[in-house]
Structure formats: C-alpha cells, structure tokens
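Shown next: upload-v2.pdb, containing PDB, C-alpha atoms.
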ATOM      1  CA  MET T1246     -25.963  -2.366  66.456
ATOM      2  CA  LEU T1247     -25.495  -0.337  69.613
ATOM      3  CA  ARG T1248     -28.247  -2.409  71.236
ATOM      4  CA  ILE T1249     -26.411  -5.626  70.349
ATOM      5  CA  ARG T1250     -23.158  -4.216  71.738
ATOM      6  CA  ARG T1251     -24.868  -3.324  75.025
ATOM      7  CA  PHE T1252     -26.562  -6.716  75.226
ATOM      8  CA  LEU T1253     -23.245  -8.533  74.744
ATOM      9  CA  SER T1254     -21.116  -6.144  76.820
ATOM     10  CA  SER T1255     -20.459  -8.709  79.580
ATOM     11  CA  LEU T1256     -18.431 -10.743  77.072
ATOM     12  CA  SER T1257     -15.708  -8.087  77.165
ATOM     13  CA  GLU T1258     -14.705  -9.568  80.533
ATOM     14  CA  LEU T1259     -14.064 -12.931  78.873
ATOM     15  CA  TYR T1260     -12.578 -11.668  75.617
ATOM     16  CA  PRO T1261     -10.208  -8.667  75.622
ATOM     17  CA  GLY T1262     -10.799  -6.543  72.532
ATOM     18  CA  PHE T1263     -14.404  -7.696  72.291
ATOM     19  CA  ASP T1264     -15.734  -4.316  71.105
ATOM     20  CA  THR T1265     -13.172  -4.130  68.297
ATOM     21  CA  TRP T1266     -13.939  -7.727  67.296
ATOM     22  CA  LEU T1267     -17.678  -7.032  67.247
ATOM     23  CA  THR T1268     -17.247  -3.878  65.164
ATOM     24  CA  LYS T1269     -14.659  -5.125  62.650
ATOM     25  CA  LYS T1270     -15.081  -8.911  62.415
ATOM     26  CA  VAL T1271     -18.831  -9.205  62.919
ATOM     27  CA  ILE T1272     -20.704  -6.032  62.026
ATOM     28  CA  GLY T1273     -18.198  -4.979  59.366
ATOM     29  CA  SER T1274     -17.915  -8.410  57.755
ATOM     30  CA  SER T1275     -19.929  -9.838  54.875
ATOM     31  CA  ASP T1276     -19.534 -13.418  56.146
ATOM     32  CA  SER T1277     -21.277 -12.763  59.477
ATOM     33  CA  ILE T1278     -24.790 -13.853  60.353
ATOM     34  CA  ILE T1279     -26.608 -12.266  63.294
ATOM     35  CA  LEU T1280     -29.860 -13.702  64.618
ATOM     36  CA  LEU T1281     -31.864 -11.646  67.096
ATOM     37  CA  ALA T1282     -34.706 -12.757  69.328
ATOM     38  CA  MET T1283     -36.850  -9.820  70.408
ATOM     39  CA  GLU T1284     -39.410  -9.532  73.187
ATOM     40  CA  ASN T1285     -41.385  -6.343  73.803
ATOM     41  CA  ASP T1286     -38.974  -4.368  71.586
ATOM     42  CA  CYS T1287     -35.988  -5.542  73.689
ATOM     43  CA  ILE T1288     -33.275  -7.998  72.750
ATOM     44  CA  ALA T1289     -34.043 -11.366  74.361
ATOM     45  CA  GLY T1290     -31.192 -13.245  72.703
ATOM     46  CA  VAL T1291     -28.455 -13.071  70.090
ATOM     47  CA  ALA T1292     -26.633 -15.649  67.988
ATOM     48  CA  ILE T1293     -23.626 -14.720  65.848
ATOM     49  CA  GLY T1294     -22.082 -16.984  63.242
ATOM     50  CA  ARG T1295     -19.513 -16.898  60.464
ATOM     51  CA  GLN T1296     -20.184 -18.553  57.112
ATOM     52  CA  GLY T1297     -17.579 -19.828  54.704
ATOM     53  CA  ASP T1298     -15.005 -22.608  54.508
ATOM     54  CA  ASP T1299     -14.741 -22.865  58.307
ATOM     55  CA  PRO T1300     -18.242 -22.085  59.615
ATOM     56  CA  LYS T1301     -18.201 -20.928  63.211
ATOM     57  CA  LEU T1302     -20.833 -20.448  65.860
ATOM     58  CA  ARG T1303     -19.294 -17.349  67.402
ATOM     59  CA  CYS T1304     -21.735 -16.422  70.137
ATOM     60  CA  VAL T1305     -25.077 -17.385  71.655
ATOM     61  CA  ARG T1306     -26.442 -15.294  74.524
ATOM     62  CA  THR T1307     -29.865 -15.019  76.076
ATOM     63  CA  HIS T1308     -31.168 -12.486  78.558
ATOM     64  CA  PRO T1309     -30.541 -13.815  82.091
ATOM     65  CA  GLU T1310     -34.288 -13.908  82.824
ATOM     66  CA  LEU T1311     -34.836 -16.150  79.796
ATOM     67  CA  GLN T1312     -32.044 -18.648  80.436
ATOM     68  CA  GLY T1313     -33.493 -22.136  80.675
ATOM     69  CA  SER T1314     -36.505 -21.148  78.545
ATOM     70  CA  GLY T1315     -35.259 -22.902  75.387
ATOM     71  CA  LEU T1316     -34.475 -19.625  73.613
ATOM     72  CA  GLY T1317     -30.742 -20.383  73.462
ATOM     73  CA  ILE T1318     -31.440 -23.745  71.800
ATOM     74  CA  LYS T1319     -33.739 -22.066  69.274
ATOM     75  CA  LEU T1320     -31.003 -19.557  68.474
ATOM     76  CA  MET T1321     -28.389 -22.312  68.126
ATOM     77  CA  ASP T1322     -30.689 -24.394  65.920
ATOM     78  CA  GLY T1323     -31.404 -21.340  63.774
ATOM     79  CA  MET T1324     -27.717 -20.506  63.420
ATOM     80  CA  ILE T1325     -26.763 -24.086  62.564
ATOM     81  CA  GLU T1326     -29.431 -24.011  59.855
ATOM     82  CA  LYS T1327     -28.209 -20.641  58.503
ATOM     83  CA  LEU T1328     -24.584 -21.855  58.492
ATOM     84  CA  GLN T1329     -25.673 -25.031  56.680
ATOM     85  CA  CYS T1330     -23.315 -26.971  58.925
ATOM     86  CA  GLU T1331     -24.401 -29.454  61.592
ATOM     87  CA  LYS T1332     -21.163 -29.132  63.554
ATOM     88  CA  PRO T1333     -19.642 -25.681  63.165
ATOM     89  CA  HIS T1334     -16.453 -24.702  64.972
ATOM     90  CA  VAL T1335     -17.162 -23.287  68.440
ATOM     91  CA  THR T1336     -14.874 -21.951  71.164
ATOM     92  CA  VAL T1337     -15.916 -21.530  74.788
ATOM     93  CA  ALA T1338     -14.118 -19.806  77.659
ATOM     94  CA  GLU T1339     -13.491 -22.028  80.679
ATOM     95  CA  GLU T1340     -15.895 -19.963  82.805
ATOM     96  CA  MET T1341     -18.721 -20.819  80.400
ATOM     97  CA  MET T1342     -18.020 -24.533  79.930
ATOM     98  CA  HIS T1343     -20.502 -25.651  82.590
ATOM     99  CA  GLN T1344     -23.294 -23.938  80.642
ATOM    100  CA  TYR T1345     -22.459 -25.468  77.278
ATOM    101  CA  SER T1346     -20.609 -28.770  77.529
ATOM    102  CA  ARG T1347     -23.612 -31.029  78.189
ATOM    103  CA  LEU T1348     -25.675 -29.297  75.528
ATOM    104  CA  PHE T1349     -22.881 -29.623  72.973
ATOM    105  CA  PHE T1350     -22.331 -33.326  73.710
ATOM    106  CA  LYS T1351     -25.881 -34.546  74.175
ATOM    107  CA  ARG T1352     -28.025 -32.430  71.878
ATOM    108  CA  TYR T1353     -25.624 -31.608  69.062
ATOM    109  CA  GLY T1354     -23.004 -34.355  69.200
ATOM    110  CA  PHE T1355     -20.164 -31.827  69.108
ATOM    111  CA  GLN T1356     -16.666 -33.158  69.739
ATOM    112  CA  LEU T1357     -14.096 -31.420  71.915
ATOM    113  CA  SER T1358     -11.158 -30.962  69.553
ATOM    114  CA  ASP T1359      -8.685 -28.827  71.503
ATOM    115  CA  VAL T1360      -8.071 -26.938  74.725
ATOM    116  CA  ILE T1361      -5.724 -23.954  74.504
ATOM    117  CA  LYS T1362      -4.352 -22.179  77.538
ATOM    118  CA  GLY T1363      -3.828 -18.440  77.121
ATOM    119  CA  GLU T1364      -5.471 -18.084  73.709
ATOM    120  CA  PHE T1365      -7.421 -14.973  74.695
ATOM    121  CA  ARG T1366      -6.371 -14.367  78.313
ATOM    122  CA  ARG T1367      -3.201 -15.393  80.086
ATOM    123  CA  GLY T1368      -3.601 -18.632  82.017
ATOM    124  CA  VAL T1369      -7.243 -19.174  81.024
ATOM    125  CA  LEU T1370      -8.414 -22.169  79.011
ATOM    126  CA  GLU T1371     -10.389 -21.880  75.777
ATOM    127  CA  TYR T1372     -12.220 -25.016  74.656
ATOM    128  CA  HIS T1373     -12.571 -25.752  70.933
ATOM    129  CA  TRP T1374     -15.356 -27.952  69.601
ATOM    130  CA  ASN T1375     -15.502 -29.700  66.221
TER
END
Written as structure tokens, how would this file's structure read?
Amino acid sequence: MLRIRRFLSSLSELYPGFDTWLTKKVIGSSDSIILLAMENDCIAGVAIGRQGDDPKLRCVRTHPELQGSGLGIKLMDGMIEKLQCEKPHVTVAEEMMHQYSRLFFKRYGFQLSDVIKGEFRRGVLEYHWN
C-alpha cells in the first residue's frame, strides 16, 4: 500500500487529509475496490472505488508518461464493471475538470449534478457527477 500512497501523493495538494482518507476510508474499509495497472513491476495506474448503496468512483490516476494511452479509460471501465453501476457518483476538483469533463459527458454519459465551493478547500470548486 505504500507504493499506492506514493503513486497518488500529488493528490494531497488537491485534497487536504488525503493520507488519512487513503489509510482509513480506502485501505481500511471493506467496501473499497482498488484496481492496479502494473508495468515492469511499477504502478502504471490506479482506480479506487466504493461499493454499496451509493457507489462512487473515488480516484483514477495514470502515470504521466501513460496519459493519453487509454489506460485511464481501461481503469474506469474496469471500476464501473466492479461497482456494477454504469453511473457511479464522482467528484472532481476544479483543477482537474479539463481532464475529465469531456470524457464523462461523451463516453460515459455522466451528468453534472452539483458544484460545491469550499467542500475540500476554501474557495475551490468541487464538481459532482451523477
């Protein structure tokens, strides 16, 4: 799990308390699903989801050198299948919207359901889908 933490460490800039969340709500939770893509014994990508009454696609990250390769879509497709939900709840920080919005609309048909200012960081928007 240390390798996953290191791979996702840049998310701590977007989400205060990220390490605690990863340890307690993901790794320490029975409703979490973690998909790993490996290449040459290194993490190439990670998808994290939460099963249950309100399935959530919590995180999808690919190694910067593999962005645009289709790996992120494979991870999302795999997580959607594991969650058994075509349109799970997803939240995206405003800095990441440009990377996800077109994909969510066009490929998956996700619907923007809410935008909350200050949910995780003061003055910063968090976009909610589905």
One-decimal distance in Å that lies between atom CA of Phe1350 of chain T and atom CA of Ser1277 of chain T
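About the pair atom CA of Ser1277 of chain T and atom CA of Phe1350 of chain T: they are 25.0 Å apart.
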Any chance you could work out the residue set of the PyMOL selection byres ((chain T and resi 1298) around 12) here, as a PyMOL selection string?
chain T and resi 1276+1295-1297+1299-1301+1328-1330+1333-1334
Nearest to Glu1340 of chain T, chosen from T:Asp1322, T:Asp1264, T:Glu1371, T:Glu1310, with only C-alpha atoms counted in the distances
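Among the listed residues, T:Glu1371 lies closest to Glu1340 of chain T.
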Using the chain letters and numbers from the file, which residues does the PyMOL selection byres ((chain T and resi 1320) around 12) grab, as a compact mmCIF listing (two decimals) with C-alpha atoms, in the coordinates of the input?
# COMPACT_ATOMS: atom_id res chain seq x y z
CA ILE T 1278 -24.79 -13.85 60.35
CA ILE T 1279 -26.61 -12.27 63.29
CA LEU T 1280 -29.86 -13.70 64.62
CA LEU T 1281 -31.86 -11.65 67.10
CA ALA T 1282 -34.71 -12.76 69.33
CA MET T 1283 -36.85 -9.82 70.41
CA ALA T 1289 -34.04 -11.37 74.36
CA GLY T 1290 -31.19 -13.24 72.70
CA VAL T 1291 -28.46 -13.07 70.09
CA ALA T 1292 -26.63 -15.65 67.99
CA ILE T 1293 -23.63 -14.72 65.85
CA GLY T 1294 -22.08 -16.98 63.24
CA LEU T 1302 -20.83 -20.45 65.86
CA ARG T 1303 -19.29 -17.35 67.40
CA CYS T 1304 -21.74 -16.42 70.14
CA VAL T 1305 -25.08 -17.39 71.66
CA ARG T 1306 -26.44 -15.29 74.52
CA THR T 1307 -29.86 -15.02 76.08
CA SER T 1314 -36.51 -21.15 78.54
CA GLY T 1315 -35.26 -22.90 75.39
CA LEU T 1316 -34.48 -19.62 73.61
CA GLY T 1317 -30.74 -20.38 73.46
CA ILE T 1318 -31.44 -23.74 71.80
CA LYS T 1319 -33.74 -22.07 69.27
CA MET T 1321 -28.39 -22.31 68.13
CA ASP T 1322 -30.69 -24.39 65.92
CA GLY T 1323 -31.40 -21.34 63.77
CA MET T 1324 -27.72 -20.51 63.42
CA ILE T 1325 -26.76 -24.09 62.56
CA GLU T 1326 -29.43 -24.01 59.86
CA LYS T 1327 -28.21 -20.64 58.50
Taking the file as shown, find all residues satisfying the PyMOL selection byres ((chain T and resi 1366) around 12) and write them as a ChimeraX atom specification.
/T:1257-1262,1338-1340,1361-1365,1367-1371
Could you jot down the atom CA of Cys1287 of chain T to atom CA of Gln1312 of chain T separation for me, Å, one decimal place?
15.3 Å
Of the residues T:Leu1267, T:Leu1247, T:Ile1272, T:Val1335, which is the one nearest to Tyr1353 of chain T, using only C-alpha atoms?
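For Tyr1353 of chain T, the nearest of the candidates is T:Val1335.
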Atomic distance atom CA of Arg1251 of chain T - atom CA of Gly1273 of chain T, expressed in Å with one decimal:
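The value is 17.1 Å.
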For segment 1307-1332 of chain T, which lacks atoms in the input, supply N, CA, C and O atoms and format the output as a compact mmCIF listing (two decimals), in the frame of the given file.
# COMPACT_ATOMS: atom_id res chain seq x y z
N THR T 1307 -28.48 -15.35 75.80
CA THR T 1307 -29.86 -15.02 76.08
C THR T 1307 -29.91 -14.11 77.30
O THR T 1307 -28.99 -14.11 78.12
N HIS T 1308 -30.97 -13.34 77.40
CA HIS T 1308 -31.17 -12.49 78.56
C HIS T 1308 -31.20 -13.39 79.79
O HIS T 1308 -31.81 -14.46 79.76
N PRO T 1309 -30.58 -12.97 80.89
CA PRO T 1309 -30.54 -13.82 82.09
C PRO T 1309 -31.91 -14.31 82.55
O PRO T 1309 -32.05 -15.45 83.01
N GLU T 1310 -32.94 -13.49 82.41
CA GLU T 1310 -34.29 -13.91 82.82
C GLU T 1310 -34.88 -14.98 81.93
O GLU T 1310 -35.86 -15.63 82.30
N LEU T 1311 -34.31 -15.17 80.74
CA LEU T 1311 -34.84 -16.15 79.80
C LEU T 1311 -33.96 -17.39 79.69
O LEU T 1311 -34.26 -18.29 78.91
N GLN T 1312 -32.89 -17.46 80.46
CA GLN T 1312 -32.04 -18.65 80.44
C GLN T 1312 -32.84 -19.82 80.98
O GLN T 1312 -33.58 -19.70 81.95
N GLY T 1313 -32.73 -20.95 80.31
CA GLY T 1313 -33.49 -22.14 80.68
C GLY T 1313 -34.86 -22.20 80.01
O GLY T 1313 -35.60 -23.16 80.19
N SER T 1314 -35.19 -21.20 79.20
CA SER T 1314 -36.51 -21.15 78.54
C SER T 1314 -36.52 -21.88 77.20
O SER T 1314 -37.57 -22.04 76.60
N GLY T 1315 -35.34 -22.28 76.70
CA GLY T 1315 -35.26 -22.90 75.39
C GLY T 1315 -34.89 -21.92 74.29
O GLY T 1315 -34.64 -22.31 73.15
N LEU T 1316 -34.81 -20.64 74.62
CA LEU T 1316 -34.48 -19.62 73.61
C LEU T 1316 -33.07 -19.84 73.07
O LEU T 1316 -32.85 -19.73 71.86
N GLY T 1317 -32.11 -20.15 73.92
CA GLY T 1317 -30.74 -20.38 73.46
C GLY T 1317 -30.66 -21.53 72.47
O GLY T 1317 -29.95 -21.45 71.47
N ILE T 1318 -31.41 -22.59 72.72
CA ILE T 1318 -31.44 -23.74 71.80
C ILE T 1318 -32.06 -23.33 70.47
O ILE T 1318 -31.56 -23.71 69.40
N LYS T 1319 -33.13 -22.54 70.53
CA LYS T 1319 -33.74 -22.07 69.27
C LYS T 1319 -32.75 -21.23 68.47
O LYS T 1319 -32.67 -21.35 67.24
N LEU T 1320 -32.00 -20.37 69.16
CA LEU T 1320 -31.00 -19.56 68.47
C LEU T 1320 -29.89 -20.43 67.89
O LEU T 1320 -29.47 -20.21 66.75
N MET T 1321 -29.43 -21.41 68.65
CA MET T 1321 -28.39 -22.31 68.13
C MET T 1321 -28.90 -23.10 66.93
O MET T 1321 -28.21 -23.21 65.92
N ASP T 1322 -30.11 -23.65 67.04
CA ASP T 1322 -30.69 -24.39 65.92
C ASP T 1322 -30.81 -23.51 64.68
O ASP T 1322 -30.49 -23.93 63.57
N GLY T 1323 -31.27 -22.27 64.90
CA GLY T 1323 -31.40 -21.34 63.77
C GLY T 1323 -30.07 -21.01 63.14
O GLY T 1323 -29.95 -20.93 61.91
N MET T 1324 -29.03 -20.83 63.96
CA MET T 1324 -27.72 -20.51 63.42
C MET T 1324 -27.12 -21.70 62.68
O MET T 1324 -26.53 -21.54 61.61
N ILE T 1325 -27.27 -22.88 63.24
CA ILE T 1325 -26.76 -24.09 62.56
C ILE T 1325 -27.43 -24.23 61.20
O ILE T 1325 -26.78 -24.56 60.21
N GLU T 1326 -28.72 -23.96 61.13
CA GLU T 1326 -29.43 -24.01 59.86
C GLU T 1326 -28.90 -22.95 58.89
O GLU T 1326 -28.63 -23.23 57.72
N LYS T 1327 -28.72 -21.72 59.36
CA LYS T 1327 -28.21 -20.64 58.50
C LYS T 1327 -26.80 -20.94 58.01
O LYS T 1327 -26.45 -20.63 56.87
N LEU T 1328 -25.96 -21.52 58.88
CA LEU T 1328 -24.58 -21.86 58.49
C LEU T 1328 -24.52 -23.06 57.57
O LEU T 1328 -23.50 -23.31 56.94
N GLN T 1329 -25.61 -23.81 57.47
CA GLN T 1329 -25.67 -25.03 56.68
C GLN T 1329 -24.56 -25.99 57.08
O GLN T 1329 -23.87 -26.58 56.23
N CYS T 1330 -24.38 -26.12 58.39
CA CYS T 1330 -23.32 -26.97 58.92
C CYS T 1330 -23.80 -27.52 60.26
O CYS T 1330 -24.10 -26.75 61.18
N GLU T 1331 -23.90 -28.84 60.37
CA GLU T 1331 -24.40 -29.45 61.59
C GLU T 1331 -23.44 -29.31 62.77
O GLU T 1331 -23.87 -29.33 63.92
N LYS T 1332 -22.15 -29.22 62.49
CA LYS T 1332 -21.16 -29.13 63.55
C LYS T 1332 -20.14 -28.03 63.27
O LYS T 1332 -18.98 -28.30 62.93
